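Text of the file structure_33.txt, holding compact mmCIF, C-alpha atoms:
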```txt
# COMPACT_ATOMS: atom_id res chain seq x y z
CA MET V 1 -158.17 -194.04 122.50
CA ALA V 2 -159.55 -197.35 121.36
CA GLU V 3 -162.50 -198.56 123.40
CA PHE V 4 -161.59 -201.01 126.12
CA LYS V 5 -163.83 -202.47 128.76
CA ILE V 6 -162.48 -201.17 132.05
CA ASP V 7 -162.83 -203.62 134.92
CA LYS V 8 -161.48 -201.43 137.69
CA THR V 9 -160.42 -197.81 138.20
CA LEU V 10 -157.69 -196.64 140.55
CA ASP V 11 -157.39 -192.94 141.38
CA CYS V 12 -153.85 -191.88 142.36
CA THR V 13 -154.58 -188.16 142.10
CA GLY V 14 -152.29 -186.08 144.31
CA MET V 15 -149.88 -188.92 145.06
CA LEU V 16 -146.17 -188.66 144.40
CA CYS V 17 -143.56 -191.33 143.64
CA PRO V 18 -143.58 -194.22 144.41
CA MET V 19 -147.25 -194.45 145.44
CA PRO V 20 -148.84 -194.66 141.95
CA VAL V 21 -146.87 -197.84 141.10
CA VAL V 22 -147.30 -199.24 144.63
CA LYS V 23 -151.08 -198.72 144.46
CA THR V 24 -151.21 -200.08 140.90
CA LYS V 25 -149.45 -203.27 141.95
CA LYS V 26 -151.86 -203.68 144.87
CA ALA V 27 -154.93 -203.02 142.70
CA MET V 28 -153.80 -205.55 140.09
CA LYS V 29 -153.26 -208.36 142.57
CA PRO V 30 -156.88 -209.58 143.02
CA MET V 31 -157.76 -209.00 139.33
CA GLU V 32 -158.01 -211.82 136.83
CA VAL V 33 -155.77 -212.34 133.83
CA GLY V 34 -157.13 -210.40 130.86
CA GLN V 35 -158.89 -207.78 132.98
CA ILE V 36 -158.12 -204.10 132.50
CA LEU V 37 -157.20 -201.56 135.15
CA GLU V 38 -157.58 -197.83 134.59
CA MET V 39 -155.16 -195.74 136.66
CA ILE V 40 -155.41 -191.98 136.95
CA SER V 41 -152.56 -189.89 138.35
CA THR V 42 -151.30 -186.33 138.54
CA ASP V 43 -147.62 -187.10 139.25
CA ALA V 44 -145.61 -186.05 136.19
CA GLY V 45 -143.14 -188.84 136.94
CA SER V 46 -145.83 -191.47 136.56
CA MET V 47 -145.62 -191.33 132.74
CA PRO V 48 -142.06 -192.71 132.50
CA ASP V 49 -142.59 -194.77 135.66
CA MET V 50 -145.65 -196.62 134.35
CA HIS V 51 -143.80 -197.50 131.15
CA ALA V 52 -140.91 -198.85 133.24
CA TRP V 53 -143.32 -200.66 135.55
CA ALA V 54 -145.08 -202.35 132.63
CA LYS V 55 -141.74 -203.35 131.10
CA GLN V 56 -140.61 -204.95 134.35
CA THR V 57 -143.87 -206.64 135.32
CA GLN V 58 -144.71 -207.59 131.73
CA HIS V 59 -148.29 -206.50 132.16
CA GLU V 60 -149.55 -204.81 129.03
CA LEU V 61 -149.77 -201.02 128.97
CA LEU V 62 -152.61 -200.61 126.48
CA ASP V 63 -152.69 -196.84 126.68
CA ALA V 64 -150.85 -194.01 128.40
CA LYS V 65 -152.31 -190.58 127.92
CA ASP V 66 -151.32 -187.10 129.03
CA GLU V 67 -154.59 -185.23 129.42
CA GLY V 68 -153.02 -181.97 130.57
CA ASP V 69 -154.10 -181.85 134.20
CA LYS V 70 -153.85 -185.61 134.67
CA PHE V 71 -152.49 -188.84 133.24
CA ARG V 72 -154.60 -191.86 132.35
CA PHE V 73 -153.26 -195.39 131.97
CA LEU V 74 -154.90 -198.61 130.85
CA ILE V 75 -153.17 -201.78 131.96
CA LYS V 76 -154.10 -205.34 131.03
CA LYS V 77 -153.20 -208.05 133.47
CA THR V 78 -151.23 -210.68 131.59
CA HIS V 79 -150.24 -213.20 134.25
CA MET B 1 -143.07 -212.64 136.27
CA ALA B 2 -140.31 -210.06 136.09
CA SER B 3 -137.74 -211.76 133.95
CA GLU B 4 -135.95 -209.44 131.59
CA ASN B 5 -132.87 -211.43 132.48
CA GLY B 6 -133.78 -214.38 130.31
CA ASN B 7 -134.90 -216.86 132.95
CA ASN B 8 -137.82 -217.19 135.30
CA LYS B 9 -136.04 -215.82 138.34
CA PRO B 10 -137.33 -212.42 139.41
CA ARG B 11 -134.87 -209.57 139.58
CA ARG B 12 -133.40 -208.86 142.99
CA LEU B 13 -132.56 -205.56 144.73
CA ALA B 14 -130.28 -205.52 147.78
CA LEU B 15 -130.14 -202.30 149.81
CA ILE B 16 -128.08 -201.20 152.79
CA SER B 17 -129.72 -198.48 154.84
CA THR B 18 -127.24 -196.65 157.07
CA LYS B 19 -128.93 -193.34 157.86
CA GLY B 20 -131.94 -192.88 160.09
CA THR B 21 -132.80 -189.21 159.65
CA LEU B 22 -136.19 -188.37 158.15
CA ASP B 23 -134.72 -187.27 154.82
CA TRP B 24 -132.41 -190.27 154.46
CA ALA B 25 -135.08 -192.74 155.58
CA TYR B 26 -136.93 -192.12 152.33
CA PRO B 27 -134.58 -193.46 149.60
CA PRO B 28 -134.39 -197.10 150.79
CA PHE B 29 -138.14 -197.37 151.42
CA ILE B 30 -139.02 -195.63 148.13
CA LEU B 31 -136.69 -197.83 146.07
CA ALA B 32 -137.73 -200.98 147.92
CA SER B 33 -141.46 -200.38 147.51
CA ALA B 34 -141.08 -199.39 143.84
CA ALA B 35 -139.00 -202.52 143.11
CA ALA B 36 -141.43 -204.76 144.98
CA SER B 37 -144.24 -203.18 142.94
CA MET B 38 -142.44 -204.49 139.87
CA ASP B 39 -142.41 -208.03 141.31
CA TRP B 40 -138.72 -207.86 142.23
CA GLU B 41 -137.32 -209.58 145.28
CA VAL B 42 -136.11 -206.93 147.71
CA GLY B 43 -134.06 -207.03 150.88
CA ILE B 44 -132.95 -204.09 153.04
CA PHE B 45 -130.12 -204.47 155.52
CA PHE B 46 -130.44 -201.87 158.29
CA THR B 47 -127.16 -201.06 159.94
CA PHE B 48 -125.64 -198.33 162.13
CA TYR B 49 -127.97 -195.29 162.15
CA GLY B 50 -130.35 -196.99 159.73
CA LEU B 51 -131.27 -199.59 162.34
CA PRO B 52 -133.80 -197.42 164.25
CA LEU B 53 -135.94 -197.45 161.08
CA LEU B 54 -137.00 -200.94 162.16
CA LYS B 55 -138.34 -199.73 165.52
CA LYS B 56 -142.03 -200.19 166.22
CA GLU B 57 -142.47 -196.45 166.67
CA LEU B 58 -140.54 -194.41 164.13
CA GLU B 59 -138.91 -191.28 165.51
CA ALA B 60 -136.94 -190.14 162.47
CA SER B 61 -136.19 -186.45 162.56
CA VAL B 62 -134.19 -184.07 160.44
CA THR B 63 -131.87 -181.16 161.10
CA PRO B 64 -130.63 -178.52 158.68
CA VAL B 65 -127.60 -177.93 160.94
CA GLY B 66 -124.48 -178.82 158.97
CA ASN B 67 -126.59 -179.54 155.89
CA PRO B 68 -126.18 -176.51 153.62
CA ALA B 69 -127.95 -178.25 150.70
CA MET B 70 -131.25 -178.53 152.57
CA PRO B 71 -133.74 -175.90 151.42
CA MET B 72 -135.42 -174.10 154.29
CA LYS B 73 -138.92 -173.40 153.07
CA MET B 74 -142.29 -172.86 154.69
CA PRO B 75 -145.13 -175.30 153.98
CA PHE B 76 -147.81 -172.59 154.38
CA GLY B 77 -148.66 -169.15 153.06
CA SER B 78 -148.99 -168.03 149.46
CA GLU B 79 -147.29 -169.85 146.62
CA ASN B 80 -144.60 -167.18 146.33
CA PHE B 81 -144.01 -167.21 150.09
CA GLN B 82 -143.54 -170.99 150.00
CA LYS B 83 -140.87 -170.64 147.34
CA ILE B 84 -138.67 -168.43 149.52
CA ASN B 85 -135.53 -170.10 150.82
CA TRP B 86 -134.61 -168.94 154.34
CA PRO B 87 -130.86 -169.21 154.79
CA ILE B 88 -130.23 -169.47 158.54
CA PRO B 89 -126.60 -169.61 159.76
CA ASN B 90 -125.54 -172.91 161.40
CA LEU B 91 -124.45 -171.11 164.53
CA LEU B 92 -127.93 -169.66 164.98
CA MET B 93 -129.78 -172.91 164.19
CA ALA B 94 -127.60 -174.87 166.60
CA ASN B 95 -128.40 -172.49 169.45
CA ILE B 96 -132.17 -172.21 169.11
CA PRO B 97 -133.76 -174.78 171.47
CA GLY B 98 -136.21 -177.03 169.64
CA PHE B 99 -135.00 -176.01 166.19
CA GLU B 100 -134.67 -179.65 165.16
CA SER B 101 -138.26 -180.53 166.04
CA VAL B 102 -139.47 -177.42 164.22
CA ALA B 103 -137.47 -178.39 161.12
CA THR B 104 -138.80 -181.96 161.35
CA GLY B 105 -142.37 -180.71 161.68
CA LEU B 106 -141.95 -178.37 158.70
CA MET B 107 -140.51 -181.13 156.51
CA LYS B 108 -143.28 -183.56 157.43
CA LYS B 109 -145.90 -180.91 156.70
CA MET B 110 -144.33 -180.02 153.37
CA PHE B 111 -144.12 -183.68 152.31
CA LYS B 112 -147.75 -184.24 153.30
CA ASN B 113 -148.90 -181.14 151.39
CA LYS B 114 -147.08 -182.27 148.26
CA GLY B 115 -148.48 -185.82 148.39
CA VAL B 116 -145.40 -187.72 149.58
CA ALA B 117 -146.21 -190.84 151.58
CA THR B 118 -144.97 -191.00 155.17
CA ILE B 119 -142.08 -193.32 156.13
CA GLU B 120 -144.63 -195.39 158.08
CA GLU B 121 -146.80 -195.81 154.96
CA LEU B 122 -143.84 -196.77 152.78
CA ARG B 123 -142.56 -199.25 155.35
CA GLU B 124 -146.04 -200.75 155.59
CA ALA B 125 -146.19 -201.06 151.78
CA CYS B 126 -142.80 -202.83 151.83
CA ILE B 127 -144.02 -205.30 154.47
CA ASP B 128 -147.21 -205.83 152.47
CA MET B 129 -145.14 -206.81 149.42
CA ASP B 130 -142.82 -209.15 151.35
CA VAL B 131 -139.71 -206.97 151.31
CA GLN B 132 -137.16 -208.63 153.60
CA LEU B 133 -136.14 -206.30 156.43
CA ILE B 134 -132.92 -207.36 158.11
CA GLY B 135 -131.52 -205.69 161.22
CA CYS B 136 -127.79 -205.75 161.90
CA GLN B 137 -126.97 -207.83 164.99
CA MET B 138 -123.68 -206.03 165.62
CA THR B 139 -125.39 -202.60 165.65
CA MET B 140 -128.01 -203.98 168.04
CA ASP B 141 -125.28 -205.07 170.43
CA VAL B 142 -123.37 -201.79 170.16
CA PHE B 143 -126.34 -199.44 170.59
CA GLY B 144 -128.27 -201.67 172.96
CA PHE B 145 -131.33 -202.65 170.88
CA GLU B 146 -133.38 -205.77 171.57
CA LYS B 147 -135.31 -207.77 168.98
CA GLU B 148 -138.48 -206.73 170.84
CA ASP B 149 -137.80 -203.08 169.99
CA PHE B 150 -138.40 -203.84 166.32
CA ILE B 151 -141.46 -204.62 164.23
CA GLU B 152 -142.16 -208.33 164.18
CA GLU B 153 -141.39 -208.60 160.44
CA ALA B 154 -137.75 -207.68 161.09
CA GLU B 155 -135.18 -210.45 160.80
CA ILE B 156 -131.74 -210.29 162.32
CA GLY B 157 -128.49 -210.97 160.51
CA GLY B 158 -124.90 -209.97 159.97
CA ALA B 159 -122.63 -208.87 157.13
CA ALA B 160 -122.31 -212.40 155.80
CA SER B 161 -126.10 -212.79 155.54
CA PHE B 162 -126.37 -209.57 153.57
CA LEU B 163 -123.51 -210.47 151.25
CA SER B 164 -124.96 -213.89 150.62
CA TYR B 165 -128.28 -212.25 149.68
CA ALA B 166 -126.55 -209.57 147.58
CA ALA B 167 -124.45 -212.14 145.74
CA ASP B 168 -127.58 -213.09 143.80
CA ALA B 169 -128.82 -209.51 143.37
CA ASP B 170 -129.09 -207.61 140.10
CA ILE B 171 -128.69 -204.28 141.89
CA SER B 172 -127.03 -203.51 145.22
CA LEU B 173 -127.01 -200.03 146.73
CA PHE B 174 -125.47 -198.54 149.87
CA ILE B 175 -127.63 -195.69 151.14
```
Spell out the structure here as structure tokens.
Amino acid sequence: MAEFKIDKTLDCTGMLCPMPVVKTKKAMKPMEVGQILEMISTDAGSMPDMHAWAKQTQHELLDAKDEGDKFRFLIKKTH
Amino acid sequence: MASENGNNKPRRLALISTKGTLDWAYPPFILASAAASMDWEVGIFFTFYGLPLLKKELEASVTPVGNPAMPMKMPFGSENFQKINWPIPNLLMANIPGFESVATGLMKKMFKNKGVATIEELREACIDMDVQLIGCQMTMDVFGFEKEDFIEEAEIGGAASFLSYAADADISLFI
């Protein structure tokens, strides 16, 4: 993973659909354009869902990683 | 914003919620909150048995009676024990007093253990993200509901209001 400066971390461990995307949306709201959110989840559905979420919201999914026991996403706020 | 459709208008999801049992209360609130998380405009029209989902205090329950597809599993005990499906004949379930509240309690417990949000939490998330919640006037009249029975965010409308909203929707679903 390339090094990014993480501005905020959101832990969605243990949450099932649709809470990871709901919490991500809420966490992004007060952030400034260009800032980066790190989201951690354990829901296996969050991998396809975060890709779909980024496509729809047009925020930039910088990284999406399956780390075995958890998933880690880096999202850059673009608007 | 969300504009895969080539202009600056956000996508729109129009849902009709017609079932107020605990299991069927989930799909509209899950889809609505997920869509709102993606910056879509969302409206849910609550009609017939879906209407009580707008009540201040939610009382959604579930019954496995007449629902052969519903797994009957226990939310406690060892992992293998929790995987056991307990097939109970309809005739028996229907005659045990309180079976429905037991089934409702078990489902709520199982959902909580697995990390599923409650209906209350999902509804709150929808309100937080400005999902439009529209109660059906005709159902209110038929079943005797008053506007005061519902959460203050609820609006009231009829079939024409929903259709007018859905006419500009990208996706419309009847649940």
At a cut-off of 12 Å, can you tabulate as CSV every residue of chain V near chain B together with its closest atom pair and the distance in Å to one decimal, using all atoms listed in the file and ordering rows by chain then number?
```
residue,atom,partner,partner_atom,distance
V:Cys12,CA,B:Gly115,CA,10.1
V:Thr13,CA,B:Gly115,CA,9.1
V:Gly14,CA,B:Gly115,CA,5.6
V:Met15,CA,B:Gly115,CA,4.8
V:Leu16,CA,B:Val116,CA,5.3
V:Cys17,CA,B:Val116,CA,7.2
V:Pro18,CA,B:Ala34,CA,5.8
V:Met19,CA,B:Ala117,CA,7.2
V:Pro20,CA,B:Ala34,CA,9.3
V:Val21,CA,B:Ser37,CA,6.2
V:Val22,CA,B:Ser37,CA,5.3
V:Lys23,CA,B:Ser37,CA,8.3
V:Thr24,CA,B:Ser37,CA,7.9
V:Lys25,CA,B:Ser37,CA,5.3
V:Lys26,CA,B:Ser37,CA,7.9
V:Ala27,CA,B:Ser37,CA,10.7
V:Met28,CA,B:Ser37,CA,10.3
V:Lys29,CA,B:Ser37,CA,10.4
V:Ser41,CA,B:Gly115,CA,11.6
V:Thr42,CA,B:Gly115,CA,10.3
V:Asp43,CA,B:Gly115,CA,9.3
V:Ser46,CA,B:Ala34,CA,11.8
V:Asp49,CA,B:Ala34,CA,9.5
V:Met50,CA,B:Met38,CA,10.1
V:His51,CA,B:Met38,CA,11.3
V:Ala52,CA,B:Met38,CA,8.8
V:Trp53,CA,B:Met38,CA,5.8
V:Ala54,CA,B:Met38,CA,8.0
V:Lys55,CA,B:Glu4,CA,8.4
V:Gln56,CA,B:Ala2,CA,5.4
V:Thr57,CA,B:Ala2,CA,5.0
V:Gln58,CA,B:Ala2,CA,6.7
V:His59,CA,B:Met1,CA,9.0
V:Lys77,CA,B:Met1,CA,11.5
V:Thr78,CA,B:Met1,CA,9.6
V:His79,CA,B:Met1,CA,7.5
```
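Between CA of Leu163 in chain B and CA of Glu59 in chain B the separation is 28.4 Å.
Proximity ranking of V:Asp69, V:Leu62, V:Leu74, V:Ile6 relative to Met39 in chain V places V:Leu74 first, based on all atoms listed in the file.
Of note, CA of Asp149 in chain B and CA of Ile44 in chain B are spaced 17.7 Å apart.
If only C-alpha atoms are the atoms counted, then among B:Pro89, B:Pro71, B:Gly98, B:Gly135 the closest residue to Ser17 in chain B is B:Gly135.
Here the question is which of B:Leu173, B:Lys73, B:Glu79, B:Phe48 gets nearest to Gly158 in chain B using all atoms listed in the file, and that residue is B:Phe48.
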